[in-house]
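> Just final39.cif, nothing more (mmCIF, C-alpha atoms):
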data_entry
loop_
_atom_site.group_PDB
_atom_site.id
_atom_site.type_symbol
_atom_site.label_atom_id
_atom_site.label_comp_id
_atom_site.auth_asym_id
_atom_site.auth_seq_id
_atom_site.Cartn_x
_atom_site.Cartn_y
_atom_site.Cartn_z
ATOM 1 C CA MET A 13 21.884 -8.887 11.290
ATOM 2 C CA ARG A 14 22.572 -5.180 11.630
ATOM 3 C CA VAL A 15 20.639 -3.195 14.211
ATOM 4 C CA HIS A 16 18.760 -1.004 11.761
ATOM 5 C CA GLU A 17 17.735 -4.056 9.738
ATOM 6 C CA PHE A 18 16.440 -5.728 12.884
ATOM 7 C CA ILE A 19 14.467 -2.640 13.884
ATOM 8 C CA THR A 20 13.072 -2.217 10.376
ATOM 9 C CA ARG A 21 12.006 -5.840 10.238
ATOM 10 C CA PHE A 22 10.482 -5.671 13.728
ATOM 11 C CA VAL A 23 8.463 -2.539 12.960
ATOM 12 C CA ILE A 24 7.259 -3.970 9.666
ATOM 13 C CA LEU A 25 6.190 -7.247 11.259
ATOM 14 C CA LEU A 26 4.514 -5.424 14.141
ATOM 15 C CA ILE A 27 2.510 -3.250 11.796
ATOM 16 C CA SER A 28 1.705 -6.257 9.668
ATOM 17 C CA THR A 29 0.434 -8.142 12.698
ATOM 18 C CA LEU A 30 -1.719 -5.210 13.752
ATOM 19 C CA SER A 31 -3.015 -4.972 10.231
ATOM 20 C CA LEU A 32 -3.922 -8.638 10.153
ATOM 21 C CA THR A 33 -5.837 -8.474 13.424
ATOM 22 C CA ALA A 34 -7.540 -5.108 13.228
ATOM 23 C CA GLU A 35 -11.090 -5.049 11.892
ATOM 24 C CA GLY A 36 -11.598 -1.387 11.180
ATOM 25 C CA ALA A 37 -14.585 0.266 9.579
ATOM 26 C CA ASP A 38 -14.565 0.775 5.831
ATOM 27 C CA SER A 39 -13.426 4.361 6.330
ATOM 28 C CA ASN A 40 -10.269 2.855 7.793
ATOM 29 C CA ARG A 41 -9.684 0.707 4.778
ATOM 30 C CA LEU A 42 -8.161 1.253 1.388
ATOM 31 C CA TYR A 43 -9.259 -1.197 -1.265
ATOM 32 C CA VAL A 44 -6.879 -2.185 -4.024
ATOM 33 C CA GLN A 45 -7.814 -3.960 -7.211
ATOM 34 C CA ILE A 46 -5.198 -5.680 -9.341
ATOM 35 C CA LYS A 47 -6.063 -6.877 -12.837
ATOM 36 C CA ASP A 48 -3.709 -9.132 -14.725
ATOM 37 C CA LEU A 49 -2.730 -7.898 -18.175
ATOM 38 C CA VAL A 50 -1.354 -11.300 -19.104
ATOM 39 C CA PRO A 51 -3.636 -13.573 -21.151
ATOM 40 C CA GLU A 52 -5.084 -16.580 -19.343
ATOM 41 C CA GLY A 53 -3.090 -19.760 -19.776
ATOM 42 C CA ASP A 54 -3.039 -23.311 -18.544
ATOM 43 C CA GLU A 55 0.303 -23.307 -16.772
ATOM 44 C CA ILE A 56 0.914 -22.995 -13.043
ATOM 45 C CA PHE A 57 2.022 -19.462 -12.129
ATOM 46 C CA THR A 58 0.720 -17.946 -15.356
ATOM 47 C CA GLY A 59 0.335 -14.183 -15.295
ATOM 48 C CA ALA A 60 1.360 -11.618 -12.739
ATOM 49 C CA ASP A 61 2.609 -13.322 -9.572
ATOM 50 C CA ILE A 62 1.561 -11.099 -6.691
ATOM 51 C CA ASP A 63 3.436 -11.565 -3.432
ATOM 52 C CA ALA A 64 2.195 -8.575 -1.436
ATOM 53 C CA VAL A 65 0.442 -5.211 -1.600
ATOM 54 C CA GLU A 66 1.905 -2.500 0.607
ATOM 55 C CA LEU A 67 0.715 0.970 1.587
ATOM 56 C CA SER A 68 3.523 3.097 2.985
ATOM 57 C CA SER A 69 3.952 6.598 4.325
ATOM 58 C CA PRO A 70 6.127 8.993 2.299
ATOM 59 C CA ASN A 71 9.112 8.446 4.592
ATOM 60 C CA GLY A 72 8.622 4.675 4.569
ATOM 61 C CA MET A 73 8.376 4.405 8.341
ATOM 62 C CA VAL A 74 4.811 3.088 8.263
ATOM 63 C CA ARG A 75 4.090 0.062 6.131
ATOM 64 C CA LEU A 76 0.677 -1.560 6.005
ATOM 65 C CA TYR A 77 -0.102 -4.707 4.085
ATOM 66 C CA ALA A 78 -3.223 -6.153 2.520
ATOM 67 C CA SER A 79 -5.026 -8.003 5.276
ATOM 68 C CA ALA A 80 -8.220 -9.253 3.650
ATOM 69 C CA LEU A 81 -9.178 -10.695 0.310
ATOM 70 C CA ILE A 82 -12.316 -8.962 -0.941
ATOM 71 C CA GLU A 83 -12.796 -10.556 -4.339
ATOM 72 C CA ASN A 84 -10.942 -13.272 -6.170
ATOM 73 C CA ASN A 85 -11.517 -13.513 -9.899
ATOM 74 C CA SER A 86 -8.179 -15.094 -10.662
ATOM 75 C CA ASN A 87 -8.047 -18.203 -12.791
ATOM 76 C CA SER A 88 -6.293 -20.900 -10.835
ATOM 77 C CA VAL A 89 -5.412 -24.008 -12.782
ATOM 78 C CA THR A 90 -4.651 -25.890 -9.589
ATOM 79 C CA PRO A 91 -7.209 -25.044 -6.877
ATOM 80 C CA ASP A 92 -5.497 -27.185 -4.272
ATOM 81 C CA HIS A 93 -2.044 -25.894 -5.106
ATOM 82 C CA ALA A 94 -0.024 -23.706 -2.750
ATOM 83 C CA ASP A 95 -0.902 -20.873 -5.118
ATOM 84 C CA GLN A 96 -3.755 -19.661 -2.897
ATOM 85 C CA ALA A 97 -5.262 -16.184 -3.126
ATOM 86 C CA SER A 98 -4.468 -15.522 0.524
ATOM 87 C CA ALA A 99 -0.769 -15.796 -0.334
ATOM 88 C CA LEU A 100 -0.758 -12.178 -1.448
ATOM 89 C CA LEU A 101 -1.843 -10.988 2.014
ATOM 90 C CA GLY A 102 0.663 -9.811 4.603
ATOM 91 C CA PRO A 103 4.290 -8.816 4.016
ATOM 92 C CA PRO A 104 6.313 -10.086 1.059
ATOM 93 C CA VAL A 105 8.615 -13.059 1.402
ATOM 94 C CA LEU A 106 11.441 -10.613 0.769
ATOM 95 C CA ILE A 107 10.836 -9.263 4.268
ATOM 96 C CA SER A 108 9.332 -12.211 6.103
ATOM 97 C CA SER A 109 10.572 -15.618 5.042
ATOM 98 C CA GLU A 110 7.614 -17.250 6.814
ATOM 99 C CA ALA A 111 5.120 -15.391 4.633
ATOM 100 C CA PRO A 112 3.236 -17.386 1.996
ATOM 101 C CA TYR A 113 4.693 -17.013 -1.447
ATOM 102 C CA VAL A 114 2.600 -15.626 -4.300
ATOM 103 C CA LYS A 115 -0.750 -15.641 -6.027
ATOM 104 C CA SER A 116 -0.666 -15.954 -9.791
ATOM 105 C CA LEU A 117 -3.609 -14.112 -11.319
ATOM 106 C CA ASN A 118 -3.592 -16.053 -14.595
ATOM 107 C CA GLY A 119 -5.436 -13.405 -16.561
ATOM 108 C CA GLY A 120 -7.879 -12.606 -13.754
ATOM 109 C CA SER A 121 -8.099 -10.059 -10.982
ATOM 110 C CA VAL A 122 -8.231 -9.718 -7.217
ATOM 111 C CA SER A 123 -9.218 -6.976 -4.828
ATOM 112 C CA VAL A 124 -7.856 -6.681 -1.314
ATOM 113 C CA ALA A 125 -8.314 -4.438 1.701
ATOM 114 C CA ILE A 126 -5.596 -2.637 3.601
ATOM 115 C CA ASP A 127 -6.513 -1.532 7.124
ATOM 116 C CA THR A 128 -5.192 1.968 7.617
ATOM 117 C CA LEU A 129 -5.587 1.745 11.422
ATOM 118 C CA GLY A 130 -7.059 5.227 11.650
ATOM 119 C CA LEU A 131 -3.955 6.810 10.207
ATOM 120 C CA GLN A 132 -4.330 9.842 7.974
ATOM 121 C CA VAL A 133 -3.484 8.552 4.509
ATOM 122 C CA SER A 134 -2.664 11.392 2.150
ATOM 123 C CA PRO A 135 -2.134 11.359 -1.622
ATOM 124 C CA ASP A 136 1.637 11.286 -1.176
ATOM 125 C CA TRP A 137 1.486 7.850 0.451
ATOM 126 C CA ASN A 138 2.744 5.075 -1.784
ATOM 127 C CA LEU A 139 1.267 1.826 -2.949
ATOM 128 C CA THR A 140 3.782 -0.894 -3.731
ATOM 129 C CA VAL A 141 2.891 -4.132 -5.448
ATOM 130 C CA TYR A 142 5.455 -6.872 -5.007
ATOM 131 C CA GLU A 143 5.316 -8.946 -8.162
ATOM 132 C CA VAL A 144 7.852 -11.719 -8.594
ATOM 133 C CA ASP A 145 10.143 -10.251 -11.207
ATOM 134 C CA GLY A 146 13.442 -12.133 -11.172
ATOM 135 C CA THR A 147 15.433 -9.299 -9.614
ATOM 136 C CA LEU A 148 15.089 -9.250 -5.836
ATOM 137 C CA TYR A 149 13.152 -12.470 -6.338
ATOM 138 C CA ALA A 150 15.404 -15.240 -7.579
ATOM 139 C CA GLU A 151 12.782 -16.609 -9.927
ATOM 140 C CA GLY A 152 10.355 -15.168 -12.431
ATOM 141 C CA ALA A 153 10.208 -12.235 -14.796
ATOM 142 C CA PRO A 154 8.183 -9.015 -14.630
ATOM 143 C CA GLU A 155 4.596 -9.275 -15.822
ATOM 144 C CA PRO A 156 2.115 -6.416 -16.185
ATOM 145 C CA TYR A 157 -0.979 -5.617 -14.159
ATOM 146 C CA GLN A 158 -3.423 -2.710 -13.753
ATOM 147 C CA ILE A 159 -3.765 -1.139 -10.293
ATOM 148 C CA ALA A 160 -6.857 0.698 -9.058
ATOM 149 C CA VAL A 161 -7.896 1.944 -5.617
ATOM 150 C CA SER A 162 -11.166 2.760 -3.875
ATOM 151 C CA ARG A 163 -12.542 3.618 -0.460
ATOM 152 C CA ASP A 164 -15.455 1.261 -1.094
ATOM 153 C CA PRO A 165 -15.104 -2.468 -1.737
ATOM 154 C CA SER A 166 -17.589 -2.257 -4.593
ATOM 155 C CA GLY A 167 -15.935 0.786 -6.183
ATOM 156 C CA PRO A 168 -15.946 3.012 -8.093
ATOM 157 C CA TRP A 169 -12.301 2.292 -8.739
ATOM 158 C CA ARG A 170 -9.741 4.950 -9.551
ATOM 159 C CA ASP A 171 -6.989 3.759 -11.868
ATOM 160 C CA LEU A 172 -3.526 4.363 -10.476
ATOM 161 C CA GLY A 173 -1.616 2.989 -13.404
ATOM 162 C CA ILE A 174 0.052 -0.072 -14.816
ATOM 163 C CA GLY A 175 2.836 -1.858 -13.025
ATOM 164 C CA SER A 176 5.183 -4.691 -13.905
ATOM 165 C CA GLY A 177 7.542 -6.360 -11.466
ATOM 166 C CA ILE A 178 7.922 -4.566 -8.148
ATOM 167 C CA THR A 179 6.119 -1.288 -8.744
ATOM 168 C CA ARG A 180 5.538 1.706 -6.512
ATOM 169 C CA LEU A 181 3.012 4.422 -7.297
ATOM 170 C CA ALA A 182 1.975 7.466 -5.310
ATOM 171 C CA LEU A 183 -1.710 7.395 -4.360
ATOM 172 C CA ALA A 184 -2.024 10.726 -6.129
ATOM 173 C CA GLY A 185 -1.477 8.746 -9.269
ATOM 174 C CA GLN A 186 0.716 11.439 -10.711
ATOM 175 C CA GLN A 187 4.130 10.160 -9.928
ATOM 176 C CA LYS A 188 5.699 6.775 -10.357
ATOM 177 C CA LEU A 189 8.490 5.946 -7.995
ATOM 178 C CA GLN A 190 11.140 3.270 -7.854
ATOM 179 C CA LEU A 191 12.380 1.547 -4.751
ATOM 180 C CA SER A 192 15.205 3.620 -3.326
ATOM 181 C CA ASP A 193 18.736 2.253 -3.614
ATOM 182 C CA GLN A 194 18.857 2.024 0.171
ATOM 183 C CA GLU A 195 15.609 0.061 0.262
ATOM 184 C CA THR A 196 16.703 -2.278 -2.506
ATOM 185 C CA SER A 197 19.970 -2.867 -0.709
ATOM 186 C CA SER A 198 18.131 -3.528 2.543
ATOM 187 C CA LEU A 199 15.764 -6.031 0.940
ATOM 188 C CA SER A 200 18.672 -7.741 -0.805
ATOM 189 C CA SER A 201 20.522 -8.142 2.480
ATOM 190 C CA ILE A 202 17.459 -9.706 4.082
ATOM 191 C CA VAL A 203 17.000 -12.103 1.183
ATOM 192 C CA SER A 204 20.641 -13.184 1.247
ATOM 193 C CA GLN A 205 20.584 -14.112 4.940
ATOM 194 C CA MET B 23 19.727 -18.581 -28.526
ATOM 195 C CA PRO B 24 18.981 -22.007 -27.027
ATOM 196 C CA GLU B 25 15.619 -23.404 -28.087
ATOM 197 C CA SER B 26 14.490 -23.687 -24.454
ATOM 198 C CA LEU B 27 15.009 -19.975 -23.932
ATOM 199 C CA GLY B 28 13.207 -19.199 -27.145
ATOM 200 C CA THR B 29 10.217 -21.106 -25.804
ATOM 201 C CA ILE B 30 10.282 -19.141 -22.564
ATOM 202 C CA VAL B 31 10.554 -15.812 -24.345
ATOM 203 C CA SER B 32 7.760 -16.684 -26.759
ATOM 204 C CA ALA B 33 5.186 -16.243 -23.959
ATOM 205 C CA GLU B 34 6.391 -12.692 -23.399
ATOM 206 C CA GLU B 35 6.419 -12.057 -27.125
ATOM 207 C CA PHE B 36 2.818 -13.247 -27.465
ATOM 208 C CA ARG B 37 1.710 -10.953 -24.631
ATOM 209 C CA LEU B 38 3.565 -7.979 -26.038
ATOM 210 C CA HIS B 39 2.017 -8.451 -29.449
ATOM 211 C CA LEU B 40 -1.374 -8.118 -27.722
ATOM 212 C CA ALA B 41 -0.395 -5.006 -25.747
ATOM 213 C CA ASN B 42 -2.592 -2.098 -26.760
ATOM 214 C CA SER B 43 -1.669 0.757 -24.439
ATOM 215 C CA PRO B 44 1.468 2.880 -24.272
ATOM 216 C CA GLN B 45 1.184 2.786 -20.465
ATOM 217 C CA GLN B 46 1.600 -0.984 -20.454
ATOM 218 C CA ILE B 47 4.506 -0.835 -22.861
ATOM 219 C CA ILE B 48 6.233 1.805 -20.760
ATOM 220 C CA ALA B 49 5.625 -0.147 -17.527
ATOM 221 C CA GLU B 50 6.965 -3.328 -19.090
ATOM 222 C CA LEU B 51 9.928 -1.549 -20.601
ATOM 223 C CA LYS B 52 10.870 -0.091 -17.223
ATOM 224 C CA ALA B 53 10.457 -3.436 -15.480
ATOM 225 C CA PHE B 54 12.511 -5.331 -18.029
ATOM 226 C CA LEU B 55 15.116 -2.633 -17.899
ATOM 227 C CA VAL B 56 15.415 -3.216 -14.137
ATOM 228 C CA TYR B 57 15.559 -6.952 -14.787
ATOM 229 C CA TYR B 58 18.215 -6.560 -17.469
ATOM 230 C CA GLU B 59 20.350 -4.228 -15.367
ATOM 231 C CA HIS B 60 20.092 -6.521 -12.349
ATOM 232 C CA HIS B 61 21.302 -9.570 -14.227
ATOM 233 C CA GLU B 62 23.967 -7.601 -16.036
ATOM 234 C CA HIS B 63 25.215 -6.501 -12.613
ATOM 235 C CA GLN B 64 25.238 -10.094 -11.372
ATOM 236 C CA VAL B 65 27.319 -11.189 -14.350
ATOM 237 C CA GLU B 66 29.736 -8.295 -14.401
ATOM 238 C CA GLU B 67 30.232 -7.719 -10.681
ATOM 239 C CA HIS B 68 29.544 -11.074 -9.097
ATOM 240 C CA GLY B 69 30.684 -13.550 -11.724
ATOM 241 C CA ALA B 70 27.249 -14.966 -12.456
ATOM 242 C CA THR B 71 27.037 -17.216 -15.483
ATOM 243 C CA ASP B 72 25.175 -15.898 -18.484
ATOM 244 C CA ASN B 73 23.550 -18.798 -20.269
ATOM 245 C CA GLY B 74 21.795 -16.548 -22.705
ATOM 246 C CA GLY B 75 19.464 -14.878 -20.234
ATOM 247 C CA LEU B 76 20.856 -11.451 -20.977
ATOM 248 C CA GLN B 77 20.402 -12.038 -24.663
ATOM 249 C CA ALA B 78 16.817 -13.145 -24.119
ATOM 250 C CA THR B 79 16.071 -10.080 -22.049
ATOM 251 C CA ALA B 80 17.644 -7.811 -24.614
ATOM 252 C CA ARG B 81 15.374 -9.403 -27.207
ATOM 253 C CA ILE B 82 12.309 -8.599 -25.137
ATOM 254 C CA MET B 83 13.435 -5.044 -24.537
ATOM 255 C CA ALA B 84 14.000 -4.527 -28.236
ATOM 256 C CA LEU B 85 10.458 -5.693 -28.949
ATOM 257 C CA LEU B 86 9.070 -3.420 -26.245
ATOM 258 C CA ALA B 87 10.827 -0.417 -27.735
ATOM 259 C CA GLU B 88 9.530 -1.339 -31.178
ATOM 260 C CA ARG B 89 5.924 -1.638 -29.977
ATOM 261 C CA LEU B 90 6.186 1.639 -28.075
ATOM 262 C CA GLU B 91 7.309 3.391 -31.204
ATOM 263 C CA GLN B 92 4.454 1.844 -33.193
ATOM 264 C CA LEU B 93 1.821 2.881 -30.645
ATOM 265 C CA GLN B 94 3.095 6.441 -30.388
ATOM 266 C CA LYS B 95 2.728 7.053 -34.123
#
As a first step, turn the structure in this file into structure tokens.

Amino acid sequence: MRVHEFITRFVILLISTLSLTAEGADSNRLYVQIKDLVPEGDEIFTGADIDAVELSSPNGMVRLYASALIENNSNSVTPDHADQASALLGPPVLISSEAPYVKSLNGGSVSVAIDTLGLQVSPDWNLTVYEVDGTLYAEGAPEPYQIAVSRDPSGPWRDLGIGSGITRLALAGQQKLQLSDQETSSLSSIVSQ
Amino acid sequence: MPESLGTIVSAEEFRLHLANSPQQIIAELKAFLVYYEHHEHQVEEHGATDNGGLQATARIMALLAERLEQLQK
């Protein structure tokens, strides 16, 4: 493992751990709602398969992950299956192999909270939804979902846009971004280890 | 195209027929484009076997482009 990959992984896991343990006030939380745009079905892993929800600073040095499930309106066909709603919390399996895999929404929706740890989150911060899309993830294909954000768990929700596969949107909602080549390469190297 | 792949793609086709917003079509088109380019890269640069997956993806992309054109009229 190269040094910069080790440092990147360490910082990400550290921030993730802090995020999972911190219980900040609502003003220190960003709420994210994800609605599946795939019709409900009766198969396992139907619909958008959400692995993780990430809030990152413009330079990518700070990465915070969803740490609490606020509402789960997904339609699980196998309640006791590994496909648990909590699987979309924390970092993606692309970064942490110990992380739980994915939550399939199956035509439903979920809302999660991201603790911002008192950091000043500006509109140029980015929200990334890791949806299993068959590219960096070995399995799956991209499936669409609607993303909205709020500072209150009960809304009102502000639509950010529609994503499919791994999607990154600026909080300003004006600009859609792709993962950088460097980031994609970094994630690929982690996955291949 | 193998029948098994046709079955897999039919789920995407059903969803895309229901799509009613240009934003969704554009998001899906971009995502499938990434998917298509990734697998094309794996085949061309890393010797991955193409069992029809590229063809299936191309079929989906063609449908996405068609629906986008219809919705923009």
> Could you list, as an mmCIF file with C-alpha atoms, keeping the file's coordinate frame, every residue of chain A that has an atom within 9 Å of an atom of chain B, counting all atoms listed in the file?

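Saved as selection.cif:
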data_model
loop_
_atom_site.group_PDB
_atom_site.id
_atom_site.type_symbol
_atom_site.label_atom_id
_atom_site.label_comp_id
_atom_site.auth_asym_id
_atom_site.auth_seq_id
_atom_site.Cartn_x
_atom_site.Cartn_y
_atom_site.Cartn_z
ATOM 1 C CA LEU A 49 -2.730 -7.898 -18.175
ATOM 2 C CA VAL A 50 -1.354 -11.300 -19.104
ATOM 3 C CA PRO A 51 -3.636 -13.573 -21.151
ATOM 4 C CA ASP A 145 10.143 -10.251 -11.207
ATOM 5 C CA GLY A 146 13.442 -12.133 -11.172
ATOM 6 C CA THR A 147 15.433 -9.299 -9.614
ATOM 7 C CA LEU A 148 15.089 -9.250 -5.836
ATOM 8 C CA ALA A 153 10.208 -12.235 -14.796
ATOM 9 C CA PRO A 154 8.183 -9.015 -14.630
ATOM 10 C CA GLU A 155 4.596 -9.275 -15.822
ATOM 11 C CA PRO A 156 2.115 -6.416 -16.185
ATOM 12 C CA TYR A 157 -0.979 -5.617 -14.159
ATOM 13 C CA GLN A 158 -3.423 -2.710 -13.753
ATOM 14 C CA GLY A 173 -1.616 2.989 -13.404
ATOM 15 C CA ILE A 174 0.052 -0.072 -14.816
ATOM 16 C CA GLY A 175 2.836 -1.858 -13.025
ATOM 17 C CA SER A 176 5.183 -4.691 -13.905
ATOM 18 C CA GLY A 177 7.542 -6.360 -11.466
ATOM 19 C CA ILE A 178 7.922 -4.566 -8.148
ATOM 20 C CA THR A 179 6.119 -1.288 -8.744
#
> Could you tell me which of A:Gly59, A:Gly102, A:Gly130, A:Gly152 comes closest to Ile46 of chain A if we count all atoms listed in the file?
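Looking only at the distances to Ile46 of chain A, the closest residue turns out to be A:Gly59.
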> Report as a PyMOL selection string all protein, DNA and RNA residues lying within 9 Å of Pro103 of chain A, evaluated on only C-alpha atoms, omitting residues in the same chain fewer than 3 positions from it.
chain A and resi 24-25+28+63-66+76-78+100+106-108+111-112
> Keeping only C-alpha atoms, write the selected residues as a compact mmCIF listing (two decimals), in the coordinates of the input.

# COMPACT_ATOMS: atom_id res chain seq x y z
CA ILE A 24 7.26 -3.97 9.67
CA LEU A 25 6.19 -7.25 11.26
CA SER A 28 1.70 -6.26 9.67
CA ASP A 63 3.44 -11.56 -3.43
CA ALA A 64 2.19 -8.57 -1.44
CA VAL A 65 0.44 -5.21 -1.60
CA GLU A 66 1.90 -2.50 0.61
CA LEU A 76 0.68 -1.56 6.00
CA TYR A 77 -0.10 -4.71 4.08
CA ALA A 78 -3.22 -6.15 2.52
CA LEU A 100 -0.76 -12.18 -1.45
CA LEU A 106 11.44 -10.61 0.77
CA ILE A 107 10.84 -9.26 4.27
CA SER A 108 9.33 -12.21 6.10
CA ALA A 111 5.12 -15.39 4.63
CA PRO A 112 3.24 -17.39 2.00
> Taking 4 positions as the minimum chain separation for residues in the same chain, which residues sit within 9 Å of Gly74 of chain B when counting all atoms listed in the file? Answer as a PDB file with C-alpha atoms, in the coordinates of the input.

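As a result, out-v3.pdb now contains:
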ATOM      1  CA  MET B  23      19.727 -18.581 -28.526  1.00  0.00           C
ATOM      2  CA  PRO B  24      18.981 -22.007 -27.027  1.00  0.00           C
ATOM      3  CA  LEU B  27      15.009 -19.975 -23.932  1.00  0.00           C
ATOM      4  CA  ALA B  78      16.817 -13.145 -24.119  1.00  0.00           C
ATOM      5  CA  THR B  79      16.071 -10.080 -22.049  1.00  0.00           C
TER       6      THR B  79
END
> Expand the PyMOL selection byres ((chain B and resi 94) around 12) into the individual residues it matches in the shown file, reporting them as a list of chain:residue names.
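Applied to this file, the PyMOL selection byres ((chain B and resi 94) around 12) selects B:Asn42, B:Ser43, B:Pro44, B:Gln45, B:Ile47, B:Ile48, B:Ala87, B:Glu88, B:Arg89, B:Leu90, B:Glu91, B:Gln92, B:Leu93, B:Lys95.
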> Give me a file of those residues, with C-alpha atoms, as a PDB file, in the frame of the given file.

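Final output, saved to selection08.pdb:
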ATOM      1  CA  ASN B  42      -2.592  -2.098 -26.760  1.00  0.00           C
ATOM      2  CA  SER B  43      -1.669   0.757 -24.439  1.00  0.00           C
ATOM      3  CA  PRO B  44       1.468   2.880 -24.272  1.00  0.00           C
ATOM      4  CA  GLN B  45       1.184   2.786 -20.465  1.00  0.00           C
ATOM      5  CA  ILE B  47       4.506  -0.835 -22.861  1.00  0.00           C
ATOM      6  CA  ILE B  48       6.233   1.805 -20.760  1.00  0.00           C
ATOM      7  CA  ALA B  87      10.827  -0.417 -27.735  1.00  0.00           C
ATOM      8  CA  GLU B  88       9.530  -1.339 -31.178  1.00  0.00           C
ATOM      9  CA  ARG B  89       5.924  -1.638 -29.977  1.00  0.00           C
ATOM     10  CA  LEU B  90       6.186   1.639 -28.075  1.00  0.00           C
ATOM     11  CA  GLU B  91       7.309   3.391 -31.204  1.00  0.00           C
ATOM     12  CA  GLN B  92       4.454   1.844 -33.193  1.00  0.00           C
ATOM     13  CA  LEU B  93       1.821   2.881 -30.645  1.00  0.00           C
ATOM     14  CA  LYS B  95       2.728   7.053 -34.123  1.00  0.00           C
TER      15      LYS B  95
END
> Would you compute the distance between atom CA of Ala70 of chain B and atom CA of Tyr149 of chain A? Give it in Å to one decimal.
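Computing it gives 15.6 Å between the two atoms.
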> Kindly extract all protein, DNA and RNA residues lying within 7 Å of the coordinates (0.6, 1.7, 0.5) given in the file, considering all atoms listed in the file, and supply them as a VMD selection string.
chain A and resid 66 to 68 75 to 76 137 to 140
> Could you please determine the separation between atom CA of Thr196 of chain A and atom CA of Tyr113 of chain A in Å, to one decimal place?
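About the pair atom CA of Thr196 of chain A and atom CA of Tyr113 of chain A: they are 19.0 Å apart.
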> Atom CA of Ser98 of chain A to atom CA of Leu81 of chain A: how many Å, to one decimal?
6.7 Å
> Evaluate the PyMOL selection byres ((chain A and resi 53) around 10) here and jot the selected residues down as a VMD selection string.
(chain A and resid 50 to 52 54 to 59 87 to 89 118 to 119) or (chain B and resid 33)
> Can you find the residues with an atom no farther than 10 Å from (-6.1, -1.7, -10.4), counting only C-alpha atoms, and report them as a ChimeraX atom specification?
/A:43-48,121-123,157-162,169-175
